[in-house]
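J.: Once you've had a glance at the structure underneath, I'll fire off some questions.
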Amino acid sequence: MCELLRINTDRGVMIHDGQSRFSKNGQPIHHFLGTSTFSEYTVVHAGCVAKINPAAPLDKVCVLSCGICTGFGATVNVAKPKPGSSVAIFGLGAVGLAAAEGARVSGASRIIGVDLVSARFEEAKKFGVNEFVNPKDHDKPVQQVIAEMTNGGVDRAVECTGSIQAMVSAFECVHDGWGLAVLVGVPSKDDAFKTAPINFLNERTLKGTFYGNYKPRTDLPSVVEKYMSGELEVDKFITHTVPFSEINKAFDLMLKGQSIRCIIRMQE
């Protein structure tokens, strides 16, 4: 959340002089999100670099840069479910599966996956999800379905879709008195969150997070260590690997929902 380094899609230049470090035929090429990591060599602000364990395999830990830390951190750093508690995960893409992994590592006993694509449920079992709800299979709001499943609501809910309806459902499916919902997905800028004020008066809590409340430069090395020690299972997030020449195939896999994370081999 640093004002200087926070992600800004307009920041295509270096901070201190407002100039790009890339060019072609005399024309500047801007820096994507201040990092430009689709190039073989790059120039970034020192605050955008994290020093990690040199023994860590880069073709694995590269996926920690975005998505996995966001979901995993949303659960372990923000939702903080207690062992034996119940957690609902809205959206079973890469971020949602990482949130489920966080619930698994935290010792949650009931991890309920919510998604409109039933085909995702089988894969989600690898990440600790042990119950599934497809809202399209019910004629009542999904928050009501979950409340009935859990005798009043889940202890924690993590929303990873960006759908405003999913955000409302995530908040309204947590239990009165102690329930906590965490919003992770990025909604459209014109969306508005609407719920009855009584939901707050009944002592439910709503929180938001960016990058799972991790500070990249100081916290990312410790996340890498969780992988190196076997606590965080990163390999199961990597479903495909393609050479850079087939980068469009990687986009196709993502758009069709057929991959969780696809590694691009820059040297090929």
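How things are named: the first chain in the structure tokens is A, the next is B, and so on; residues count from 1 in each chain; ligands count from 1 in the order shown.
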Pick out the residues sitting within 6 Å of stretch 55-71 of chain A, and hand them over as a ChimeraX atom specification; count only C-alpha atoms, and ignore anything fewer than 2 positions along from it in its own chain.
T.: /A:53,73-74,95-96,98-99,211-212
J.: Can you write just those residues out, all heavy atoms, as a PDB file, in the first residue's frame?
T.:
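Wrote again25.pdb, looks like this:
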ATOM      1  N   ASN A  53      15.698 -16.995  -0.838  1.00  0.00           N
ATOM      2  CA  ASN A  53      16.618 -18.114  -0.677  1.00  0.00           C
ATOM      3  C   ASN A  53      17.183 -18.518  -2.051  1.00  0.00           C
ATOM      4  O   ASN A  53      16.430 -18.886  -2.947  1.00  0.00           O
ATOM      5  CB  ASN A  53      15.846 -19.289  -0.070  1.00  0.00           C
ATOM      6  CG  ASN A  53      16.731 -20.462   0.289  1.00  0.00           C
ATOM      7  OD1 ASN A  53      17.789 -20.659  -0.307  1.00  0.00           O
ATOM      8  ND2 ASN A  53      16.295 -21.264   1.247  1.00  0.00           N
ATOM      9  N   GLY A  73      -2.558 -15.361   1.669  1.00  0.00           N
ATOM     10  CA  GLY A  73      -2.466 -14.328   2.696  1.00  0.00           C
ATOM     11  C   GLY A  73      -3.823 -13.834   3.165  1.00  0.00           C
ATOM     12  O   GLY A  73      -4.000 -13.494   4.342  1.00  0.00           O
ATOM     13  N   ALA A  74      -4.799 -13.787   2.237  1.00  0.00           N
ATOM     14  CA  ALA A  74      -6.145 -13.343   2.631  1.00  0.00           C
ATOM     15  C   ALA A  74      -6.696 -14.233   3.733  1.00  0.00           C
ATOM     16  O   ALA A  74      -7.401 -13.762   4.635  1.00  0.00           O
ATOM     17  CB  ALA A  74      -7.073 -13.357   1.414  1.00  0.00           C
ATOM     18  N   VAL A  95      -6.531 -17.823  -7.273  1.00  0.00           N
ATOM     19  CA  VAL A  95      -6.553 -17.072  -6.016  1.00  0.00           C
ATOM     20  C   VAL A  95      -7.422 -17.793  -4.987  1.00  0.00           C
ATOM     21  O   VAL A  95      -7.045 -17.934  -3.820  1.00  0.00           O
ATOM     22  CB  VAL A  95      -7.050 -15.637  -6.252  1.00  0.00           C
ATOM     23  CG1 VAL A  95      -7.146 -14.883  -4.925  1.00  0.00           C
ATOM     24  CG2 VAL A  95      -6.108 -14.897  -7.200  1.00  0.00           C
ATOM     25  N   GLY A  96      -8.586 -18.276  -5.417  1.00  0.00           N
ATOM     26  CA  GLY A  96      -9.473 -18.992  -4.508  1.00  0.00           C
ATOM     27  C   GLY A  96      -8.856 -20.284  -3.995  1.00  0.00           C
ATOM     28  O   GLY A  96      -8.998 -20.631  -2.814  1.00  0.00           O
ATOM     29  N   ALA A  98      -5.714 -20.800  -3.638  1.00  0.00           N
ATOM     30  CA  ALA A  98      -4.681 -20.396  -2.681  1.00  0.00           C
ATOM     31  C   ALA A  98      -5.316 -20.043  -1.338  1.00  0.00           C
ATOM     32  O   ALA A  98      -4.752 -20.333  -0.279  1.00  0.00           O
ATOM     33  CB  ALA A  98      -3.897 -19.211  -3.226  1.00  0.00           C
ATOM     34  N   ALA A  99      -6.490 -19.425  -1.380  1.00  0.00           N
ATOM     35  CA  ALA A  99      -7.208 -19.127  -0.133  1.00  0.00           C
ATOM     36  C   ALA A  99      -7.608 -20.422   0.568  1.00  0.00           C
ATOM     37  O   ALA A  99      -7.522 -20.533   1.798  1.00  0.00           O
ATOM     38  CB  ALA A  99      -8.442 -18.274  -0.435  1.00  0.00           C
ATOM     39  N   TYR A 211      -3.044  -8.065  -2.010  1.00  0.00           N
ATOM     40  CA  TYR A 211      -1.868  -8.942  -1.969  1.00  0.00           C
ATOM     41  C   TYR A 211      -1.791  -9.723  -0.652  1.00  0.00           C
ATOM     42  O   TYR A 211      -0.710 -10.045  -0.150  1.00  0.00           O
ATOM     43  CB  TYR A 211      -0.577  -8.137  -2.205  1.00  0.00           C
ATOM     44  CG  TYR A 211       0.623  -8.991  -2.555  1.00  0.00           C
ATOM     45  CD1 TYR A 211       0.624  -9.792  -3.691  1.00  0.00           C
ATOM     46  CD2 TYR A 211       1.751  -9.003  -1.747  1.00  0.00           C
ATOM     47  CE1 TYR A 211       1.715 -10.592  -4.008  1.00  0.00           C
ATOM     48  CE2 TYR A 211       2.854  -9.784  -2.054  1.00  0.00           C
ATOM     49  CZ  TYR A 211       2.829 -10.587  -3.186  1.00  0.00           C
ATOM     50  OH  TYR A 211       3.909 -11.363  -3.503  1.00  0.00           O
ATOM     51  N   GLY A 212      -2.957 -10.043  -0.076  1.00  0.00           N
ATOM     52  CA  GLY A 212      -2.982 -10.878   1.124  1.00  0.00           C
ATOM     53  C   GLY A 212      -2.324 -10.269   2.341  1.00  0.00           C
ATOM     54  O   GLY A 212      -1.869 -10.980   3.241  1.00  0.00           O
TER      55      GLY A 212
END
J.: Taking 2 positions as the minimum chain separation for residues in the same chain, which residues sit within 7 Å of stretch 227-241 of chain A when counting only C-alpha atoms? Answer as a VMD selection string.
T.: chain A and resid 56 60 223 to 225 259 to 264
J.: Can those selected residues be exported to a file as a JSON list (two decimals), in the first residue's frame so that it contains all heavy atoms?
T.:
[["chain", "number", "residue", "atom", "x", "y", "z"],
["A", 56, "ALA", "N", 16.02, -21.74, -3.78],
["A", 56, "ALA", "CA", 14.63, -21.89, -4.23],
["A", 56, "ALA", "C", 14.58, -21.97, -5.76],
["A", 56, "ALA", "O", 15.20, -21.16, -6.44],
["A", 56, "ALA", "CB", 13.79, -20.73, -3.75],
["A", 60, "LYS", "N", 9.50, -22.48, -9.98],
["A", 60, "LYS", "CA", 8.39, -22.83, -9.10],
["A", 60, "LYS", "C", 7.94, -21.61, -8.29],
["A", 60, "LYS", "O", 6.76, -21.26, -8.29],
["A", 60, "LYS", "CB", 8.79, -23.96, -8.14],
["A", 60, "LYS", "CG", 9.17, -25.26, -8.82],
["A", 60, "LYS", "CD", 7.99, -25.92, -9.49],
["A", 60, "LYS", "CE", 8.28, -27.35, -9.91],
["A", 60, "LYS", "NZ", 9.36, -27.47, -10.91],
["A", 223, "VAL", "N", 7.53, -16.39, 2.69],
["A", 223, "VAL", "CA", 6.59, -17.25, 1.98],
["A", 223, "VAL", "C", 7.37, -18.30, 1.18],
["A", 223, "VAL", "O", 6.99, -19.47, 1.13],
["A", 223, "VAL", "CB", 5.67, -16.43, 1.05],
["A", 223, "VAL", "CG1", 4.71, -17.35, 0.31],
["A", 223, "VAL", "CG2", 4.88, -15.40, 1.85],
["A", 224, "VAL", "N", 8.47, -17.89, 0.58],
["A", 224, "VAL", "CA", 9.34, -18.83, -0.13],
["A", 224, "VAL", "C", 9.84, -19.90, 0.83],
["A", 224, "VAL", "O", 9.90, -21.09, 0.48],
["A", 224, "VAL", "CB", 10.52, -18.09, -0.80],
["A", 224, "VAL", "CG1", 11.55, -19.09, -1.35],
["A", 224, "VAL", "CG2", 10.03, -17.19, -1.92],
["A", 225, "GLU", "N", 10.17, -19.51, 2.05],
["A", 225, "GLU", "CA", 10.65, -20.48, 3.04],
["A", 225, "GLU", "C", 9.55, -21.48, 3.40],
["A", 225, "GLU", "O", 9.84, -22.65, 3.68],
["A", 225, "GLU", "CB", 11.16, -19.76, 4.29],
["A", 225, "GLU", "CG", 12.47, -18.99, 4.08],
["A", 225, "GLU", "CD", 13.58, -19.83, 3.47],
["A", 225, "GLU", "OE1", 13.76, -21.00, 3.89],
["A", 225, "GLU", "OE2", 14.27, -19.33, 2.56],
["A", 259, "SER", "N", -6.33, -23.84, -16.94],
["A", 259, "SER", "CA", -5.07, -23.86, -16.19],
["A", 259, "SER", "C", -5.26, -23.13, -14.87],
["A", 259, "SER", "O", -6.14, -22.27, -14.74],
["A", 259, "SER", "CB", -3.94, -23.20, -16.99],
["A", 259, "SER", "OG", -4.17, -21.80, -17.10],
["A", 260, "ILE", "N", -4.43, -23.49, -13.90],
["A", 260, "ILE", "CA", -4.40, -22.71, -12.66],
["A", 260, "ILE", "C", -3.29, -21.68, -12.79],
["A", 260, "ILE", "O", -3.52, -20.49, -12.77],
["A", 260, "ILE", "CB", -4.17, -23.64, -11.45],
["A", 260, "ILE", "CG1", -5.30, -24.67, -11.34],
["A", 260, "ILE", "CG2", -4.09, -22.81, -10.16],
["A", 260, "ILE", "CD1", -5.10, -25.67, -10.22],
["A", 261, "ARG", "N", -2.07, -22.17, -12.97],
["A", 261, "ARG", "CA", -0.94, -21.29, -13.28],
["A", 261, "ARG", "C", -0.11, -21.94, -14.39],
["A", 261, "ARG", "O", 0.15, -23.15, -14.35],
["A", 261, "ARG", "CB", -0.07, -21.03, -12.06],
["A", 261, "ARG", "CG", -0.63, -19.94, -11.15],
["A", 261, "ARG", "CD", -0.50, -18.57, -11.81],
["A", 261, "ARG", "NE", -1.06, -17.49, -11.02],
["A", 261, "ARG", "CZ", -2.27, -16.98, -11.18],
["A", 261, "ARG", "NH1", -3.11, -17.51, -12.08],
["A", 261, "ARG", "NH2", -2.68, -15.97, -10.44],
["A", 262, "CYS", "N", 0.27, -21.14, -15.36],
["A", 262, "CYS", "CA", 1.07, -21.61, -16.49],
["A", 262, "CYS", "C", 2.43, -20.92, -16.45],
["A", 262, "CYS", "O", 2.48, -19.69, -16.43],
["A", 262, "CYS", "CB", 0.34, -21.31, -17.80],
["A", 262, "CYS", "SG", 1.22, -21.86, -19.27],
["A", 263, "ILE", "N", 3.50, -21.70, -16.43],
["A", 263, "ILE", "CA", 4.85, -21.15, -16.42],
["A", 263, "ILE", "C", 5.32, -20.92, -17.85],
["A", 263, "ILE", "O", 5.17, -21.78, -18.71],
["A", 263, "ILE", "CB", 5.84, -22.10, -15.72],
["A", 263, "ILE", "CG1", 5.38, -22.40, -14.29],
["A", 263, "ILE", "CG2", 7.26, -21.53, -15.71],
["A", 263, "ILE", "CD1", 5.30, -21.19, -13.40],
["A", 264, "ILE", "N", 5.91, -19.74, -18.09],
["A", 264, "ILE", "CA", 6.46, -19.44, -19.42],
["A", 264, "ILE", "C", 7.98, -19.51, -19.32],
["A", 264, "ILE", "O", 8.60, -18.83, -18.49],
["A", 264, "ILE", "CB", 6.03, -18.03, -19.87],
["A", 264, "ILE", "CG1", 4.51, -18.00, -20.06],
["A", 264, "ILE", "CG2", 6.73, -17.64, -21.17],
["A", 264, "ILE", "CD1", 3.94, -16.63, -20.30]]
J.: Can you pull out every residue from stretch 132-205 of chain A that DSSP, working from the backbone, puts in alpha helix (DSSP H), and format the result as a compact mmCIF listing (two decimals) with N, CA and C atoms, in the first residue's frame?
T.:
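Everything below was put into part-v7.txt:
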# COMPACT_ATOMS: atom_id res chain seq x y z
N VAL A 142 -27.26 -18.33 -2.34
CA VAL A 142 -26.22 -19.24 -1.87
C VAL A 142 -25.87 -18.99 -0.41
N GLN A 143 -25.99 -17.74 0.05
CA GLN A 143 -25.71 -17.47 1.46
C GLN A 143 -26.70 -18.19 2.37
N GLN A 144 -27.93 -18.34 1.90
CA GLN A 144 -28.93 -19.08 2.67
C GLN A 144 -28.60 -20.57 2.68
N VAL A 145 -28.14 -21.08 1.53
CA VAL A 145 -27.75 -22.49 1.44
C VAL A 145 -26.63 -22.79 2.42
N ILE A 146 -25.62 -21.91 2.46
CA ILE A 146 -24.47 -22.12 3.33
C ILE A 146 -24.86 -22.01 4.80
N ALA A 147 -25.74 -21.05 5.10
CA ALA A 147 -26.19 -20.89 6.49
C ALA A 147 -26.91 -22.14 6.97
N GLU A 148 -27.70 -22.75 6.09
CA GLU A 148 -28.41 -23.98 6.46
C GLU A 148 -27.45 -25.15 6.61
N MET A 149 -26.38 -25.17 5.80
CA MET A 149 -25.39 -26.25 5.88
C MET A 149 -24.60 -26.19 7.18
N ILE A 164 -19.70 -8.61 -7.59
CA ILE A 164 -20.29 -7.90 -6.46
C ILE A 164 -21.31 -8.78 -5.75
N GLN A 165 -22.03 -9.62 -6.50
CA GLN A 165 -22.99 -10.51 -5.87
C GLN A 165 -22.30 -11.53 -4.98
N ALA A 166 -21.15 -12.04 -5.44
CA ALA A 166 -20.39 -12.99 -4.62
C ALA A 166 -19.88 -12.31 -3.36
N MET A 167 -19.51 -11.04 -3.46
CA MET A 167 -19.04 -10.30 -2.29
C MET A 167 -20.14 -10.18 -1.24
N VAL A 168 -21.34 -9.83 -1.70
CA VAL A 168 -22.47 -9.72 -0.78
C VAL A 168 -22.79 -11.09 -0.16
N SER A 169 -22.78 -12.12 -0.99
CA SER A 169 -23.07 -13.47 -0.50
C SER A 169 -22.05 -13.92 0.53
N ALA A 170 -20.78 -13.61 0.28
CA ALA A 170 -19.72 -14.00 1.21
C ALA A 170 -19.94 -13.35 2.58
N PHE A 171 -20.30 -12.09 2.57
CA PHE A 171 -20.53 -11.39 3.84
C PHE A 171 -21.78 -11.92 4.54
N GLU A 172 -22.81 -12.17 3.76
CA GLU A 172 -24.08 -12.58 4.37
C GLU A 172 -24.12 -14.06 4.76
N ILE A 198 -28.36 -4.29 9.43
CA ILE A 198 -28.49 -5.21 10.56
C ILE A 198 -27.40 -6.28 10.54
N ASN A 199 -26.86 -6.59 9.35
CA ASN A 199 -25.78 -7.58 9.27
C ASN A 199 -24.54 -7.12 10.02
N PHE A 200 -24.30 -5.80 10.03
CA PHE A 200 -23.17 -5.27 10.79
C PHE A 200 -23.53 -5.17 12.28
N LEU A 201 -24.77 -4.78 12.54
CA LEU A 201 -25.20 -4.68 13.94
C LEU A 201 -25.18 -6.04 14.63
J.: I want to know what sits within 9 Å of A:Val117, based on only C-alpha atoms, with residues of the same chain fewer than 3 positions away left out; could you give that as a ChimeraX atom specification?
T.: /A:92,114,120-121,134
J.: Using Å and a single decimal, report how far atom CA of A:Gly128 sits from atom CA of A:Ala103.
T.: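 Value for the atom CA of A:Ala103-atom CA of A:Gly128 distance: 7.6 Å.
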J.: Which of stretch 26-161 of chain A end up as strand (DSSP E or B) when DSSP is run on this backbone - answer as number ranges by chain?
T.: A: 27-29, 86-90, 110-114, 131-133, 154, 156-159
J.: Name all residues at most 8 Å from A:Ala79 (count only C-alpha atoms; drop same-chain ones fewer than 5 positions away) and give them as a PyMOL selection string.
T.: chain A and resi 74+156-158+180-182
J.: May I ask which of the residues A:Gly34, A:Gly107, A:Leu116, A:Leu255 is the closest one to A:His138, counting only C-alpha atoms?
T.: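 Of A:Gly34, A:Gly107, A:Leu116, A:Leu255, the one nearest A:His138, counting only C-alpha atoms, is A:Leu116.
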J.: Find the residues near A:Val174: any atom within 6 Å, counting only C-alpha atoms, skip ones fewer than 3 places away on the same chain, and give them as a short mmCIF file (atom, residue, chain, number, x, y, z; two decimals) with N, CA, C and O atoms, in the first residue's frame.
T.:
data_model
loop_
_atom_site.label_atom_id
_atom_site.label_comp_id
_atom_site.auth_asym_id
_atom_site.auth_seq_id
_atom_site.Cartn_x
_atom_site.Cartn_y
_atom_site.Cartn_z
N GLY A 153 -24.23 -20.25 9.68
CA GLY A 153 -23.22 -19.54 8.90
C GLY A 153 -21.82 -20.03 9.19
O GLY A 153 -21.55 -20.66 10.22
N VAL A 154 -20.90 -19.75 8.26
CA VAL A 154 -19.50 -20.15 8.44
C VAL A 154 -18.78 -19.16 9.35
O VAL A 154 -19.22 -18.03 9.56
N ASP A 155 -17.65 -19.60 9.88
CA ASP A 155 -16.84 -18.72 10.73
C ASP A 155 -16.11 -17.66 9.90
O ASP A 155 -15.97 -16.51 10.32
N PHE A 171 -20.30 -12.09 2.57
CA PHE A 171 -20.53 -11.39 3.84
C PHE A 171 -21.78 -11.92 4.54
O PHE A 171 -21.79 -12.12 5.76
N GLY A 179 -18.62 -13.95 12.81
CA GLY A 179 -18.28 -14.22 11.42
C GLY A 179 -17.49 -13.08 10.78
O GLY A 179 -17.73 -11.91 11.05
#
J.: Quick one: pull the distance between atom CA of A:Pro83 and atom CA of A:Arg110, Å, one decimal.
T.: 10.0 Å
J.: Counting only C-alpha atoms, what is within 10 Å of stretch 22-29 of chain A, bar same-chain residues fewer than 6 positions away, as a short mmCIF file (atom, residue, chain, number, x, y, z; two decimals) with C-alpha atoms, in the first residue's frame?
T.:
data_model
loop_
_atom_site.label_atom_id
_atom_site.label_comp_id
_atom_site.auth_asym_id
_atom_site.auth_seq_id
_atom_site.Cartn_x
_atom_site.Cartn_y
_atom_site.Cartn_z
CA GLY A 12 5.08 3.02 -17.03
CA VAL A 13 8.28 4.88 -16.19
CA SER A 36 8.27 -5.50 -17.10
CA SER A 39 11.69 -9.14 -20.87
CA THR A 42 14.71 -5.48 -16.75
CA VAL A 43 15.28 -2.38 -14.65
#
J.: With distances taken over only C-alpha atoms, which residue among A:Leu4, A:Ala100, A:Cys160, A:Leu220 lies nearest A:Leu183?
T.: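 For A:Leu183, the nearest of the given residues is A:Cys160.
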J.: When you draw a straight line from atom CA of A:Glu159 to atom CA of A:Ala88, how long is it in Å?
T.: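 Rounded to one decimal, the two atoms are 8.3 Å apart.
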J.: Check the smallest atom-to-atom distance from each of A:Ile52, A:Phe193, A:Gly93, A:Gly113 to A:Ser222 using only C-alpha atoms, then report the winner.
T.: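 Closest residue, counting only C-alpha atoms: A:Ile52.
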J.: Which residue gives the smallest distance to A:Ala192 among A:Ser85, A:Ser163, A:Ser109, A:Asn77, with only C-alpha atoms counted?
T.: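 Closest to A:Ala192 of all the choices is A:Ser163.
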